[in-house]
Structures are given as C-alpha cells and as structure tokens.
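K.L.:
Let me give you the structure first, and then I'll get to my questions.
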Amino acid sequence: MNRLRTAGIIWVVSALLAAAISLIFRVDPVQVVVTIAGSAVAAVLGLWMIARTSTTAVPLSYIVGVAWLVLYAALTVQQSGELVAWTTDVFLALIGLGATLAAYRGRNEAISRRS
C-alpha cells in the first residue's frame, strides 16, 4: 500500500474518531457543529485519497491538515481546564498532523518514482 492511501486511511479514521467523540462528549453546540463539519471534510478527503491515489489531493491534505491543527489547537486552549478534553483534542490534532505528513511523504515518493 502506498503512502497516499495510508494518508487517506488516516484521514478517514481521524474523521470517524473526531465525529464520535464530538457526538458523545461535546456539550457546546458550536463545538459539535464545527468538529462534525471538519470531520466531514476530512472523511471526504480521505476517501478521495483512497479511491484515487494521485498527487492531486496532496495540496488539499495540507490545507485540511493546517485547518485541522488550528481547530484542535483552539479547542485545546478553550478547554485547558479540563484535562481529559484537552488531551483528547491534542490526540486528534496529532492524528491529523500524521495524515498530512503521510500525504507529504507519499507525494515525494510518487514524484521520485516518476523521475
């Protein structure tokens, strides 16, 4: 399996985890809506990367990765008084960062194979 597909799988898994955590544990409606929307974007991106392993989705993965990191960093700061909540947000941010890095490495492999 190539790294772009791996990145897609990580995006789908992170989207599912984030959506589940939001639906089960979040009580602020704004947080729920924003995290579910972010999860939907990440899931669509992940499915696209799994279905079509081209380097076209990689720049979008960078954008989604930065947005994902900003979202969960903001949630971490907002919930800094609750240990479990901010720990979970940091964990989700790191999963998104991992997906972005996997896409970056997959793009580099795809480019070096073409050369």
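Following the order of the structure tokens, chains are lettered A, B, ..., residues in each are numbered from 1, and ligands are numbered from 1.
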Near Ile63 of chain A, within 12 Å and counting only C-alpha atoms, which residues show up once chain neighbours fewer than 3 positions away are dropped, as a PyMOL selection string?

P.N.:
chain A and resi 38+41-42+45+57-60+66-70+96-97+99-101+103-104

K.L.:
Name the residues in contact with Ala15 of chain A at a cut-off of 10 Å, using only C-alpha atoms, excluding same-chain residues fewer than 3 positions from it; report them as a list of chain:residue names.

P.N.:
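Residues meeting the cut-off are A:Ile9, A:Ile10, A:Trp11, A:Val12, A:Ala18, A:Ala19, A:Ala20, A:Ile21, A:Thr35, A:Ile36, A:Ala37, A:Gly38, A:Ser39, A:Ala40, A:Val41, A:Ala42, A:Ala43, A:Val44, A:Leu45, A:Gly46, A:Leu92, A:Ile95, A:Gly96.
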
K.L.:
For Ala74 of chain A, which residue out of A:Asn2, A:Ser22, A:Gln31, A:Ser14 is the nearest one, using only C-alpha atoms?

P.N.:
A:Gln31

K.L.:
When you look at segment 82-85 of chain A with a cut-off of 12 Å (counting only C-alpha atoms), what residues show up, excluding the ones that are within fewer than 3 positions of it in the same chain? I need them as a PyMOL selection string.

P.N.:
chain A and resi 21-22+25-27+72-73+75-79+88-92

K.L.:
Write out the residues from the selection above, keeping N, CA and C atoms, as a PDB file, in the first residue's frame.

P.N.:
```pdb
ATOM      1  N   ILE A  21     -16.311  11.268  19.023  1.00  0.00           N
ATOM      2  CA  ILE A  21     -16.003  11.993  20.270  1.00  0.00           C
ATOM      3  C   ILE A  21     -16.888  13.224  20.394  1.00  0.00           C
ATOM      4  N   SER A  22     -17.090  13.917  19.293  1.00  0.00           N
ATOM      5  CA  SER A  22     -17.937  15.116  19.334  1.00  0.00           C
ATOM      6  C   SER A  22     -19.377  14.770  19.694  1.00  0.00           C
ATOM      7  N   PHE A  25     -19.270  13.289  23.593  1.00  0.00           N
ATOM      8  CA  PHE A  25     -18.770  14.038  24.739  1.00  0.00           C
ATOM      9  C   PHE A  25     -18.941  15.549  24.694  1.00  0.00           C
ATOM     10  N   ARG A  26     -19.000  16.148  23.543  1.00  0.00           N
ATOM     11  CA  ARG A  26     -19.069  17.616  23.488  1.00  0.00           C
ATOM     12  C   ARG A  26     -20.467  18.100  23.846  1.00  0.00           C
ATOM     13  N   VAL A  27     -20.532  19.168  24.619  1.00  0.00           N
ATOM     14  CA  VAL A  27     -21.828  19.713  25.041  1.00  0.00           C
ATOM     15  C   VAL A  27     -22.101  21.081  24.415  1.00  0.00           C
ATOM     16  N   TYR A  72      -8.207  22.046  16.394  1.00  0.00           N
ATOM     17  CA  TYR A  72      -7.995  21.308  17.636  1.00  0.00           C
ATOM     18  C   TYR A  72      -7.042  22.023  18.591  1.00  0.00           C
ATOM     19  N   ALA A  73      -6.171  22.884  18.083  1.00  0.00           N
ATOM     20  CA  ALA A  73      -5.358  23.719  18.969  1.00  0.00           C
ATOM     21  C   ALA A  73      -6.250  24.730  19.685  1.00  0.00           C
ATOM     22  N   LEU A  75      -9.459  24.374  20.300  1.00  0.00           N
ATOM     23  CA  LEU A  75     -10.256  23.625  21.274  1.00  0.00           C
ATOM     24  C   LEU A  75      -9.427  23.255  22.501  1.00  0.00           C
ATOM     25  N   THR A  76      -8.159  22.942  22.289  1.00  0.00           N
ATOM     26  CA  THR A  76      -7.272  22.626  23.410  1.00  0.00           C
ATOM     27  C   THR A  76      -7.126  23.825  24.335  1.00  0.00           C
ATOM     28  N   VAL A  77      -6.917  24.992  23.764  1.00  0.00           N
ATOM     29  CA  VAL A  77      -6.792  26.209  24.572  1.00  0.00           C
ATOM     30  C   VAL A  77      -8.114  26.516  25.276  1.00  0.00           C
ATOM     31  N   GLN A  78      -9.207  26.393  24.536  1.00  0.00           N
ATOM     32  CA  GLN A  78     -10.526  26.693  25.111  1.00  0.00           C
ATOM     33  C   GLN A  78     -10.865  25.751  26.271  1.00  0.00           C
ATOM     34  N   GLN A  79     -10.432  24.511  26.193  1.00  0.00           N
ATOM     35  CA  GLN A  79     -10.766  23.522  27.216  1.00  0.00           C
ATOM     36  C   GLN A  79      -9.567  23.195  28.093  1.00  0.00           C
ATOM     37  N   THR A  88      -7.645  14.827  24.695  1.00  0.00           N
ATOM     38  CA  THR A  88      -8.308  14.248  23.528  1.00  0.00           C
ATOM     39  C   THR A  88      -8.119  15.139  22.305  1.00  0.00           C
ATOM     40  N   ASP A  89      -8.239  16.454  22.487  1.00  0.00           N
ATOM     41  CA  ASP A  89      -8.057  17.378  21.372  1.00  0.00           C
ATOM     42  C   ASP A  89      -6.628  17.348  20.839  1.00  0.00           C
ATOM     43  N   VAL A  90      -5.653  17.252  21.723  1.00  0.00           N
ATOM     44  CA  VAL A  90      -4.259  17.141  21.284  1.00  0.00           C
ATOM     45  C   VAL A  90      -4.052  15.844  20.509  1.00  0.00           C
ATOM     46  N   PHE A  91      -4.620  14.754  20.993  1.00  0.00           N
ATOM     47  CA  PHE A  91      -4.524  13.464  20.302  1.00  0.00           C
ATOM     48  C   PHE A  91      -5.113  13.557  18.895  1.00  0.00           C
ATOM     49  N   LEU A  92      -6.294  14.154  18.759  1.00  0.00           N
ATOM     50  CA  LEU A  92      -6.921  14.290  17.442  1.00  0.00           C
ATOM     51  C   LEU A  92      -6.099  15.198  16.530  1.00  0.00           C
TER      52      LEU A  92
END
```

K.L.:
Mind giving me the straight-line distance from atom CA of Val32 of chain A to atom CA of Val13 of chain A in Å, one decimal?

P.N.:
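Those two atoms sit 17.8 Å apart.
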
K.L.:
Can you measure atom CA of Trp86 of chain A to atom CA of Leu23 of chain A for me? One decimal in Å is fine.

P.N.:
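If I compute the distance from atom CA of Trp86 of chain A to atom CA of Leu23 of chain A, I get 16.1 Å.
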